[in-house]
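**Student:** One structure is given below, represented as structure tokens, and several questions about it will come after.
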Amino acid sequence: MTRLPPGRWAAVVLFGAAALTPLVVRDSFILDSVILILLWGALSAGWNIAGGYAGQVSLGHAAFFGLGAYAAALMSARYQQSPWLGLLVGVALSMCAGALIGYLSNRLRGPYFALSTIAFAEVLRIVASRWRGFTAGSEGVPVPYRPGFWTLGLSHVAWLYLILAVALGCYALQVYLERSRVGYQLAGVREDEDAAEALGIATRRLKIKAIMVSAAVTSLCGSLWAQYVGFVDPAHVFSIDLSIRFALNSIIGGIGTALGPFLGSVLITSLETYLRATFSGIPGFSGTYLIIYGVVLILIVRFAPEGLTGIAARWRLRRARAHA
Amino acid sequence: MPRRLLASLVVSLLVVVAVAAVTHGQSGEYKIGVLEPLTGPLAGEGKRHLEGYEIVRDMINARGGVMGKKLVFAVADAPDPTAAATEATRLITREGVKIVTGTFSSRLCGAASEAAARHNVIYWETSCVDPRFSKRGLKTVYRTEIDATGFGWYNVEFIAKHLAPRLGKKPSELKIAFLSEDSSYGQGVTESARQRAKDEFKMQEVAAEYYNFQTINDFTPIIVKFKQLAPDVVHHIGYTNDAPLFWRQAKEQNFLFKAHVHAGATGYGSSDFGKALGNDANGAFALLEPGPGFRIESLKPDGQKLEKEFRDAVQKRTGSYPLGAHQLAGGGLWLLKLVLDRAKTDDPDKFRAAVMSLDLPVGSMINGWGVKFSETGQNANDRVQHYMLQWQNGQLVTVWPEEFTTMRAKWIPLPAWDQRK
Amino acid sequence: MDPAARLGPAQIDVVAQLAVSTVLLGGIYALIAVGLTLIFGVMRVVNFAHGEFLMLGMYLAFFAFTLQSLDPYFVLVVAIPLFFGVGLVVYLLVMKGVIDASHNVQIFTTVGLSTALQNLALVLWTGDFRVIRPWHSSVVLRIGGTAFNLSQVVAFAVAVALTVGLFAFMKWTHTGRVMRATAQDRDAATLMGVDTDRVYRLTFAIGIACVGAAGVLVSPLYAAYPQAGLQFVLLAYVVVVLGGLGDMVGAMVGSLIVATVEIAGSYMFGTAWKEVFYFLLFIAVLVFRPAGLFGQRGAETLGV
């Protein structure tokens with residue numbers, strides 16, 4: 001058996017399980033859950049590129065998500081073109097937006113950077129809500145379902161494999177970042193930007209590029225999401241709740257690791273879906289699942305800040321010591 | 001075995017276990033899915049909607065249920081569109097329902113109905129008002145409530161046909177200022193009102209301002225602007241925290257207008273408005289389902305019985321008169337029962353045939369509604385009778401159309417703020 | 001008709017009314033920002049749950065008024081020590097463990113706290129909008145052509161008193177100086193024998209006491225509901241960054257600036273865009289002068 005590092009084994013299991021699901025299960029809800037887990041995972045991986053690998057913790061990634069969602073939805077609903085074209089437009093727009101943010105916020109660190117990204121996403125939200133002539137304002141854009149690949153009107157099974165391909169791409173991208181020279185430079189910028197600059201690394205350009213790539217991935221997933229869920233409204237797609245979720249999965253799974261975003265997504269999405277399904281039907285208790293959610297978040301972030309991959313690494317270390 | 005692998009398998013197992021629990025309905029019960037926002041910013045109204053559903057469900061079960069079985073609910077929380085789509089799918093595949101109803105908000109009904117349509121499951125919308133909902137050509141999707149254009153339509157109807165004559169002006173002589181909260185609901189109603197006011201009645205629009213109800217802290221800039229523009233009528237679609245703020249500040253700054261019109265069960269149409277302002281609320285209008293002062297005798301005999309029973313049930317459970325959310329949900333669910341009585345099945349094609357065959361005049365059921373669905377699955381504007389209510393002495397009373405009411409609209413034009421007794 | 005065109009007595013009334021509203025609104029923002037700037041400034045923690053404590057203060061005032069007929073200004077006296085205690089408890093249970101952790105951890109801790117508190121309020125008290133009307137919320141003061149509410153004036157007065165009080169505390173008392181030292185350089189402060197844990201405890205408690213009191217003070221003006229904090233929290237951040245972290249006077253001035261931008265922007269371009277104005281201002285400040293108007297240049301990198 002080939003000696004893969006442990007992390008890769010876990011990835012094989014995770015993606016393999018996702019790939020095998022349609023062969024075992026016919027239930028749309030389970031397929032839907034797997035699709036969402038992979039999609040949120042991919043989105044978090046996109047966030048991770050800027051937040052985990054480059055150290056640019058953004059809480060406004062919904063800006064790119066929303067741009068991608070609107071681009072695809074409008075291209076399909078308003079111009080009757082293929083949403084794939086909208087996807088490309090969204091990616092282009094998001095990369096420009098990312099470059100702008102990166103350029104403007106170059107000097108900002110930590111919470112300041114996070115706040116600036118929140119402001120950016122909010123501005124986009126308001127513009128989308130008011131521009132009735134183009135985006136139909138707050139009423140949002142219903143996305144027509146036209147069966148076919150070019151119109152992204154797919155069955156659940158087809159969606160699953162499409163999103164799985166995207167997720168694998170994001171995973172591969174992050175692995176590349178871990179092992180490449182660019183990745184090492186980014187790590188340098190993340191750990192100590194001044195030192196990295198002193199070593200001659202073009203920190204500003206590198207940061208901007210990281211944000212642009214992150215924005216592109218997020219936008220791409222946003223476009224796919226729009227076609228999957230079928231409705232785009234500004235209050236949801238540009239919301240700070242979504243931005244927080246992208247960051248959350250990575251942090252819980254293991255920030256700055258390739259599998260972290262996906263592990264985090266498995267845990268959080270399942271937890272949320274399960275809690276909501278269980279509790280919301282009980283009268284007087286809707287909202288309980290969110291209390292639990294908030295408390296779990298506090299606990300995990302406090303006691304396992306390196307996330308699930310951190311826990312796993314500690315286990316392995318302890319096991320290695322025990323055998324020594 | 002690597003610990004990591006083990007951990008991943010455990011997690012996968014958790015997911016499967018969590019997700020694998022399928023609930024089966026007991027025989028003798030018929031289960032439908034109910035999708036409402038029970039958390040998030042719309043939670044207050046979502047909960048009332050659910051209450052309305054439950055009350056009418058009990059009424060239905062007292063009459064033997066649907067298709068000979070007891071009607072039960074599988075309830076799901078949908079605070080945002082993604083959750084709406086996911087939960088709709090869950091209700092269909094895990095709970096096994098063949099009919100999904102809900103959802104109170106225009107943001108949610110689009111996504112939820114798409115999900116239902118893809119499974120060829122019946123989607124029975126009772127409240128969202130997005131006009132595009134019924135224009136997607138989906139054969140299993142229906143709506144019992146009129147859309148936002150209907151609300152705007154009724155408001156302008158009231159202003160042009162009832163207010164204008166009492167103000168001694170022609171509709172084209174009326175100066176109207178539009179103010180609205182910026183969500184899909186506010187935009188939808190306001191824009192359709194603006195259009196009808198301008199195109200059909202040539203009213204003079206002096207202003208159209210929007211604001212975000214979650215962040216509005218001070219209406220002074222708007223009030224100051226409006227005071228200078230001196231509108232006769234203020235058409236204000238407000239939500240529940242901003243409406244009292246506007247009214248209080250308008251009173252403080254002595255902004256006088258001749259009439260104030262709103263539509264819907266939130267904001268000026270919510271009981272919270274009366275609780276917030278007491279008698280200061282006097283004079284504001286809100287387009288809603290019938291409230292006190294409604295001449296139950298104006299309904300058909302069957303309708304009278306149903307309406308009375310509904311009101312008594314709501315009174316018993318909540319201690320108050322039915323609120324808008326109760327009425328929309330309850331009326332919608334009753335219509336569903338009528339369809340199922342006729343179709344005797346939930347097979348989508350036979351169901352659709354039954355829906356199309358329903359034809360009852362205004363006054364036949366709860367809220368004084370009639371029913372006639374169009375090919376697009378939309379209940380007709382002129383069958384879903386809506387009424388104009390006015391705050392009078394701490395209560396919302398029904399004042400228009402006058403053939404349905406015992407009370408009359410007062411204070412036209414509105415006198416000075418401290419003279420509205 | 002362009003209202004700005006002609007400058008007659010009516011126009012002066014307009015400007016006067018807008019000005020008065022701006023000042024009073026600025027006072028309310030200052031009430032909320034003062035606690036936030038203290039926490040953010042001394043602890044360098046982004047407290048995303050700040051708005052939720054405001055919400056809790058509003059509910060406290062609501063229930064005290066509805067159930068016991070207690071006036072909010074009476075409740076205020078009780079609220080300050082009560083929320084001080086709440087701040088201590090929250091610090092010990094939640095914040096203390098993450099004070100040394102990375103920013104992400106701190107951010108998400110407070111985000112989790114925010115979610116938990118919002119939904120606790122939802123489960124306990126439902127999503128209904130709660131309004132109280134004590135006698136002073138109906139008292140209208142009229143000066144010249146302007147009109148404003150007594151409750152607003154009281155909120156403004158307390159905001160000024162709080163700002164001045166905290167400013168004096170930070171500048172002239174020993175504890176205040178210790179807090180400022182810890183804010184500037186925590187390690188150096190520790191080396192000088194400062195018990196930083198005690199400093200942070202105190203800072204957080206004072207910050208929460210301020211915002212809880214703010215909630216009580218604004219309850220005659222706004223409805224209480226689980227998400228009421230959202231109405232103010234983002235702009236509180238704008239104020240804090242604008243004024244400079246930890247700077248009390250900066251918080252007051254920042255509040256007035258934000259209120260001016262909001263009201264002038266709303267009047268001239270429409271209220272739908274009002275957040276865009278202060279967010280653009282926010283981005284501009286972050287790009288060009290992140291330390292804020294009153295902060296030292298480069299202060300934004302301290303402890304970050």
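Please note that chains go A, B, ... in the order of the structure tokens, that every chain numbers its residues from 1, and that ligands are numbered from 1 in the order shown.
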Write down, as a ChimeraX atom specification, each residue of chain C that has any atom within 7 Å of an atom of chain A, counting only C-alpha atoms.
**Tutor:** /C:46,97-98,103,105,109,112-113,115-116,119-120,122-123,276,279,283,287,301,304
**Student:** For the alpha helix (DSSP H) assignment from backbone DSSP, which residues of segment 136-310 of chain B qualify? Please present them as number ranges by chain.
**Tutor:** B: 148-158, 164-167, 184-199, 220-229, 242-252, 271-277, 301-310
**Student:** Please extract the residues of segment 64-237 of chain C with a backbone DSSP assignment of strand (DSSP E) and present them as an mmCIF file with C-alpha atoms, in the first residue's frame.
**Tutor:**
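Heads up, here's the output in part-v8.cif:
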data_model
loop_
_atom_site.group_PDB
_atom_site.id
_atom_site.type_symbol
_atom_site.label_atom_id
_atom_site.label_comp_id
_atom_site.auth_asym_id
_atom_site.auth_seq_id
_atom_site.Cartn_x
_atom_site.Cartn_y
_atom_site.Cartn_z
ATOM 1 C CA VAL C 140 -41.422 67.136 23.229
ATOM 2 C CA LEU C 141 -39.107 70.083 23.647
ATOM 3 C CA ARG C 142 -39.430 72.880 21.175
ATOM 4 C CA ILE C 143 -36.762 75.480 20.745
ATOM 5 C CA THR C 146 -36.920 72.594 16.127
ATOM 6 C CA ALA C 147 -38.545 69.749 18.008
ATOM 7 C CA PHE C 148 -36.940 66.916 19.891
ATOM 8 C CA ASN C 149 -37.645 64.352 22.508
#
**Student:** Could I get the residues of chain C with an atom no further than 6 Å from an atom of chain B, each paired with its nearest atom pair and that distance in Å to one decimal, using only C-alpha atoms, sorted by chain and residue number, as a tab-separated table?
**Tutor:**
residue	atom	partner	partner_atom	distance
C:Gly127	CA	B:Gly44	CA	4.3
C:Asp128	CA	B:Gly44	CA	5.2
C:Val131	CA	B:Ala276	CA	5.2
C:Ala147	CA	B:Gln253	CA	5.4
C:Ala223	CA	B:Asn241	CA	5.7
C:Gln231	CA	B:Thr215	CA	4.5
C:Tyr267	CA	B:Pro221	CA	4.8
C:Thr271	CA	B:Tyr211	CA	5.3
C:Ala272	CA	B:Tyr211	CA	4.3
**Student:** Please write the residues from the selection above to a file, keeping N, CA and C atoms, as an mmCIF file, in the first residue's frame.
**Tutor:**
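This is the output file result-v2.cif:
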data_model
loop_
_atom_site.group_PDB
_atom_site.id
_atom_site.type_symbol
_atom_site.label_atom_id
_atom_site.label_comp_id
_atom_site.auth_asym_id
_atom_site.auth_seq_id
_atom_site.Cartn_x
_atom_site.Cartn_y
_atom_site.Cartn_z
ATOM 1 N N GLY C 127 -39.830 36.763 19.068
ATOM 2 C CA GLY C 127 -39.365 37.795 18.151
ATOM 3 C C GLY C 127 -40.221 39.043 18.134
ATOM 4 N N ASP C 128 -41.212 39.138 19.029
ATOM 5 C CA ASP C 128 -42.066 40.327 19.021
ATOM 6 C C ASP C 128 -41.272 41.588 19.350
ATOM 7 N N VAL C 131 -42.102 47.689 22.919
ATOM 8 C CA VAL C 131 -41.939 49.138 23.029
ATOM 9 C C VAL C 131 -42.459 49.596 24.380
ATOM 10 N N ALA C 147 -37.838 70.560 17.010
ATOM 11 C CA ALA C 147 -38.545 69.749 18.008
ATOM 12 C C ALA C 147 -37.721 68.512 18.294
ATOM 13 N N ALA C 223 -37.614 50.068 19.647
ATOM 14 C CA ALA C 223 -38.205 48.806 20.069
ATOM 15 C C ALA C 223 -37.123 47.799 20.424
ATOM 16 N N GLN C 231 -28.806 46.950 14.816
ATOM 17 C CA GLN C 231 -29.105 48.299 14.364
ATOM 18 C C GLN C 231 -27.943 49.243 14.606
ATOM 19 N N TYR C 267 -30.602 63.244 3.917
ATOM 20 C CA TYR C 267 -31.423 64.367 3.472
ATOM 21 C C TYR C 267 -31.161 64.669 2.007
ATOM 22 N N THR C 271 -32.504 58.240 2.169
ATOM 23 C CA THR C 271 -32.123 57.439 3.312
ATOM 24 C C THR C 271 -31.701 56.029 2.932
ATOM 25 N N ALA C 272 -32.101 55.560 1.766
ATOM 26 C CA ALA C 272 -31.737 54.207 1.370
ATOM 27 C C ALA C 272 -30.227 54.029 1.288
#
**Student:** Hey, list the chain A side of the contact with chain B: 8 Å cut-off, only C-alpha atoms, answer as JSON, numbers by chain.
**Tutor:** {"A": [6, 7, 9, 10, 13, 14, 27, 28, 29, 30, 32, 33, 129, 137, 138, 139, 140, 142, 144, 229, 230, 231, 233, 236, 266, 267, 270, 274, 276, 277, 280, 281, 286, 287, 312, 315, 316]}
**Student:** Please save N, CA and C atoms of the selected residues as a short mmCIF file (atom, residue, chain, number, x, y, z; two decimals), in the first residue's frame.
**Tutor:**
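This went into selection18.cif:
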data_model
loop_
_atom_site.label_atom_id
_atom_site.label_comp_id
_atom_site.auth_asym_id
_atom_site.auth_seq_id
_atom_site.Cartn_x
_atom_site.Cartn_y
_atom_site.Cartn_z
N PRO A 6 -0.87 10.97 6.44
CA PRO A 6 -2.20 10.73 7.02
C PRO A 6 -3.27 11.67 6.49
N GLY A 7 -2.87 12.93 6.28
CA GLY A 7 -3.86 13.89 5.82
C GLY A 7 -4.46 13.47 4.50
N TRP A 9 -4.85 10.45 3.40
CA TRP A 9 -5.79 9.37 3.61
C TRP A 9 -7.17 9.90 3.93
N ALA A 10 -7.17 10.85 4.84
CA ALA A 10 -8.46 11.42 5.23
C ALA A 10 -9.17 12.04 4.04
N VAL A 13 -10.72 9.37 1.96
CA VAL A 13 -11.97 8.91 2.59
C VAL A 13 -13.11 9.89 2.34
N LEU A 14 -12.84 11.15 2.60
CA LEU A 14 -13.89 12.16 2.52
C LEU A 14 -14.42 12.27 1.10
N ASP A 27 -31.89 9.01 -1.80
CA ASP A 27 -32.62 10.07 -1.10
C ASP A 27 -32.08 11.46 -1.44
N SER A 28 -32.92 12.33 -1.98
CA SER A 28 -32.43 13.66 -2.39
C SER A 28 -31.91 14.48 -1.25
N PHE A 29 -32.48 14.25 -0.07
CA PHE A 29 -32.05 15.10 1.04
C PHE A 29 -30.61 14.80 1.38
N ILE A 30 -30.24 13.52 1.38
CA ILE A 30 -28.85 13.18 1.68
C ILE A 30 -27.94 13.70 0.57
N ASP A 32 -28.53 16.24 -1.29
CA ASP A 32 -28.50 17.68 -1.10
C ASP A 32 -27.53 18.04 0.00
N SER A 33 -27.53 17.28 1.10
CA SER A 33 -26.62 17.57 2.21
C SER A 33 -25.18 17.41 1.76
N SER A 129 -29.43 46.03 -3.49
CA SER A 129 -30.82 46.20 -3.05
C SER A 129 -31.49 47.39 -3.70
N GLY A 137 -33.55 44.81 -7.37
CA GLY A 137 -33.54 45.28 -6.00
C GLY A 137 -33.65 44.19 -4.97
N SER A 138 -34.34 44.51 -3.88
CA SER A 138 -34.45 43.57 -2.77
C SER A 138 -35.27 42.36 -3.14
N GLU A 139 -36.06 42.45 -4.18
CA GLU A 139 -36.92 41.31 -4.52
C GLU A 139 -36.12 40.16 -5.07
N GLY A 140 -34.91 40.41 -5.47
CA GLY A 140 -34.05 39.32 -5.88
C GLY A 140 -34.33 38.78 -7.26
N PRO A 142 -35.11 35.37 -9.35
CA PRO A 142 -35.35 33.93 -9.42
C PRO A 142 -34.61 33.37 -10.64
N PRO A 144 -34.20 30.73 -13.49
CA PRO A 144 -35.03 29.73 -14.18
C PRO A 144 -34.32 28.39 -14.28
N VAL A 229 -29.58 26.63 -5.99
CA VAL A 229 -30.68 26.98 -5.10
C VAL A 229 -31.83 27.65 -5.85
N GLY A 230 -31.49 28.40 -6.88
CA GLY A 230 -32.52 28.96 -7.76
C GLY A 230 -33.05 30.32 -7.36
N PHE A 231 -32.45 30.98 -6.39
CA PHE A 231 -32.96 32.29 -6.02
C PHE A 231 -31.83 33.11 -5.41
N ASP A 233 -30.99 36.71 -3.61
CA ASP A 233 -31.43 38.02 -3.10
C ASP A 233 -30.32 38.66 -2.30
N HIS A 236 -29.32 37.96 1.40
CA HIS A 236 -28.71 36.66 1.72
C HIS A 236 -27.31 36.54 1.14
N VAL A 266 -17.93 19.56 6.93
CA VAL A 266 -18.65 18.34 7.30
C VAL A 266 -19.27 18.51 8.68
N LEU A 267 -18.46 18.98 9.62
CA LEU A 267 -18.96 19.09 10.99
C LEU A 267 -20.04 20.15 11.11
N SER A 270 -23.33 19.56 8.92
CA SER A 270 -24.13 18.47 9.47
C SER A 270 -24.78 18.88 10.78
N TYR A 274 -28.67 19.04 11.25
CA TYR A 274 -29.27 18.12 12.22
C TYR A 274 -30.00 18.85 13.33
N ARG A 276 -31.16 21.90 13.33
CA ARG A 276 -32.33 22.62 12.85
C ARG A 276 -33.48 21.66 12.61
N ALA A 277 -33.16 20.52 12.01
CA ALA A 277 -34.22 19.55 11.73
C ALA A 277 -34.84 19.02 13.01
N SER A 280 -36.41 22.62 15.34
CA SER A 280 -37.29 23.71 14.95
C SER A 280 -38.74 23.31 14.94
N GLY A 281 -39.00 21.99 14.91
CA GLY A 281 -40.40 21.59 14.92
C GLY A 281 -41.03 21.69 16.29
N SER A 286 -37.71 26.86 18.66
CA SER A 286 -36.95 27.26 17.47
C SER A 286 -36.01 28.36 17.89
N GLY A 287 -34.80 28.28 17.44
CA GLY A 287 -33.79 29.20 17.92
C GLY A 287 -32.87 28.50 18.90
N ALA A 312 -6.17 16.11 15.41
CA ALA A 312 -5.65 14.89 14.81
C ALA A 312 -4.13 14.85 14.92
N TRP A 315 -3.07 13.91 18.38
CA TRP A 315 -3.23 12.46 18.59
C TRP A 315 -2.05 11.69 18.02
N ARG A 316 -1.72 12.04 16.79
CA ARG A 316 -0.65 11.31 16.11
C ARG A 316 0.66 11.46 16.86
#
**Student:** Set the distance at 9 Å and use only C-alpha atoms: which residues neighbour Phe15 of chain A once local chain neighbours fewer than 2 positions away are removed? I'd like the list as a PyMOL selection string.
**Tutor:** chain A and resi 10-13+17-20+38+164+167-168
**Student:** Go ahead and write the selection's residues with C-alpha atoms as a PDB file, in the first residue's frame.
**Tutor:**
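Final file, selection-v9.pdb:
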ATOM      1  CA  ALA A  10      -8.463  11.419   5.234  1.00  0.00           C
ATOM      2  CA  ALA A  11      -8.970  13.317   2.012  1.00  0.00           C
ATOM      3  CA  VAL A  12      -9.357  10.061   0.111  1.00  0.00           C
ATOM      4  CA  VAL A  13     -11.967   8.906   2.587  1.00  0.00           C
ATOM      5  CA  ALA A  17     -17.334   8.803   0.399  1.00  0.00           C
ATOM      6  CA  ALA A  18     -18.884  11.731  -1.416  1.00  0.00           C
ATOM      7  CA  ALA A  19     -18.235  10.129  -4.789  1.00  0.00           C
ATOM      8  CA  LEU A  20     -19.748   6.820  -3.713  1.00  0.00           C
ATOM      9  CA  LEU A  38     -18.880  20.049  -0.564  1.00  0.00           C
ATOM     10  CA  LEU A 164     -17.148  17.325  -6.132  1.00  0.00           C
ATOM     11  CA  ALA A 167     -14.051  20.747  -4.375  1.00  0.00           C
ATOM     12  CA  LEU A 168     -11.230  18.497  -5.539  1.00  0.00           C
TER      13      LEU A 168
END
**Student:** Choose the residue, out of C:Leu31, C:Leu245, C:Ile208, C:Val239, that has the smallest atom-to-atom separation from Thr260 of chain C; count only C-alpha atoms.
**Tutor:**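 Going through C:Leu31, C:Leu245, C:Ile208, C:Val239 one by one, the smallest distance to Thr260 of chain C is for C:Val239.
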**Student:** Please measure the separation of atom CA of Cys210 of chain C and atom CA of Ile263 of chain C, giving the value in Å to one decimal.
**Tutor:**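 Separating atom CA of Cys210 of chain C from atom CA of Ile263 of chain C is a distance of 24.9 Å.
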**Student:** I'd like the neighbourhood of Tyr73 of chain C as number ranges by chain, where a residue qualifies if any of its atoms comes within 10 Å (using only C-alpha atoms), though same-chain residues fewer than 2 positions away should be ignored.
**Tutor:** C: 61, 70-71, 75-79, 134, 136, 151, 154-155, 213, 216-217
**Student:** Next, dump the selected residues to file, keeping only N, CA and C atoms, as a PDB file, in the first residue's frame.
**Tutor:**
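File produced: result.pdb:
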ATOM      1  N   ALA C  61     -34.898  47.096  30.554  1.00  0.00           N
ATOM      2  CA  ALA C  61     -35.754  48.261  30.743  1.00  0.00           C
ATOM      3  C   ALA C  61     -37.206  47.922  30.419  1.00  0.00           C
ATOM      4  N   LEU C  70     -41.354  50.364  36.563  1.00  0.00           N
ATOM      5  CA  LEU C  70     -40.175  51.140  36.932  1.00  0.00           C
ATOM      6  C   LEU C  70     -39.714  51.963  35.746  1.00  0.00           C
ATOM      7  N   ASP C  71     -39.450  53.240  36.009  1.00  0.00           N
ATOM      8  CA  ASP C  71     -38.985  54.105  34.941  1.00  0.00           C
ATOM      9  C   ASP C  71     -37.567  53.722  34.524  1.00  0.00           C
ATOM     10  N   VAL C  75     -34.116  52.407  36.494  1.00  0.00           N
ATOM     11  CA  VAL C  75     -33.473  51.125  36.179  1.00  0.00           C
ATOM     12  C   VAL C  75     -32.006  51.331  35.831  1.00  0.00           C
ATOM     13  N   LEU C  76     -31.707  52.482  35.241  1.00  0.00           N
ATOM     14  CA  LEU C  76     -30.330  52.794  34.848  1.00  0.00           C
ATOM     15  C   LEU C  76     -29.378  52.638  36.030  1.00  0.00           C
ATOM     16  N   VAL C  77     -29.815  53.133  37.172  1.00  0.00           N
ATOM     17  CA  VAL C  77     -28.961  53.095  38.354  1.00  0.00           C
ATOM     18  C   VAL C  77     -28.626  51.648  38.713  1.00  0.00           C
ATOM     19  N   VAL C  78     -29.603  50.793  38.533  1.00  0.00           N
ATOM     20  CA  VAL C  78     -29.386  49.372  38.830  1.00  0.00           C
ATOM     21  C   VAL C  78     -28.622  48.692  37.689  1.00  0.00           C
ATOM     22  N   ALA C  79     -28.892  49.149  36.474  1.00  0.00           N
ATOM     23  CA  ALA C  79     -28.318  48.490  35.304  1.00  0.00           C
ATOM     24  C   ALA C  79     -26.803  48.587  35.263  1.00  0.00           C
ATOM     25  N   PRO C 134     -42.567  55.444  28.603  1.00  0.00           N
ATOM     26  CA  PRO C 134     -42.569  56.194  29.857  1.00  0.00           C
ATOM     27  C   PRO C 134     -42.949  57.644  29.586  1.00  0.00           C
ATOM     28  N   HIS C 136     -41.595  60.381  29.808  1.00  0.00           N
ATOM     29  CA  HIS C 136     -40.677  61.315  29.154  1.00  0.00           C
ATOM     30  C   HIS C 136     -40.497  61.036  27.668  1.00  0.00           C
ATOM     31  N   SER C 151     -36.328  62.212  26.020  1.00  0.00           N
ATOM     32  CA  SER C 151     -35.513  60.998  26.201  1.00  0.00           C
ATOM     33  C   SER C 151     -34.206  61.102  25.429  1.00  0.00           C
ATOM     34  N   VAL C 154     -31.835  63.363  27.386  1.00  0.00           N
ATOM     35  CA  VAL C 154     -31.246  62.683  28.550  1.00  0.00           C
ATOM     36  C   VAL C 154     -30.147  61.730  28.082  1.00  0.00           C
ATOM     37  N   ALA C 155     -30.429  60.985  26.994  1.00  0.00           N
ATOM     38  CA  ALA C 155     -29.424  60.051  26.482  1.00  0.00           C
ATOM     39  C   ALA C 155     -28.161  60.815  26.100  1.00  0.00           C
ATOM     40  N   ALA C 213     -26.002  50.074  29.970  1.00  0.00           N
ATOM     41  CA  ALA C 213     -26.669  51.319  30.350  1.00  0.00           C
ATOM     42  C   ALA C 213     -27.221  52.015  29.114  1.00  0.00           C
ATOM     43  N   VAL C 216     -30.549  50.614  28.215  1.00  0.00           N
ATOM     44  CA  VAL C 216     -31.630  51.125  29.045  1.00  0.00           C
ATOM     45  C   VAL C 216     -32.023  52.532  28.605  1.00  0.00           C
ATOM     46  N   LEU C 217     -31.023  53.345  28.293  1.00  0.00           N
ATOM     47  CA  LEU C 217     -31.300  54.736  27.927  1.00  0.00           C
ATOM     48  C   LEU C 217     -32.026  54.878  26.605  1.00  0.00           C
TER      49      LEU C 217
END
**Student:** As an exercise, work out the distance from atom CA of Gly363 of chain B to atom CA of Lys300 of chain B in Å and give it to one decimal place.
**Tutor:**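 Pair atom CA of Gly363 of chain B / atom CA of Lys300 of chain B returns 5.3 Å.
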**Student:** To one decimal place, how far is atom CA of Asp247 of chain C from atom CA of Leu38 of chain C in Å?
**Tutor:** 7.6 Å
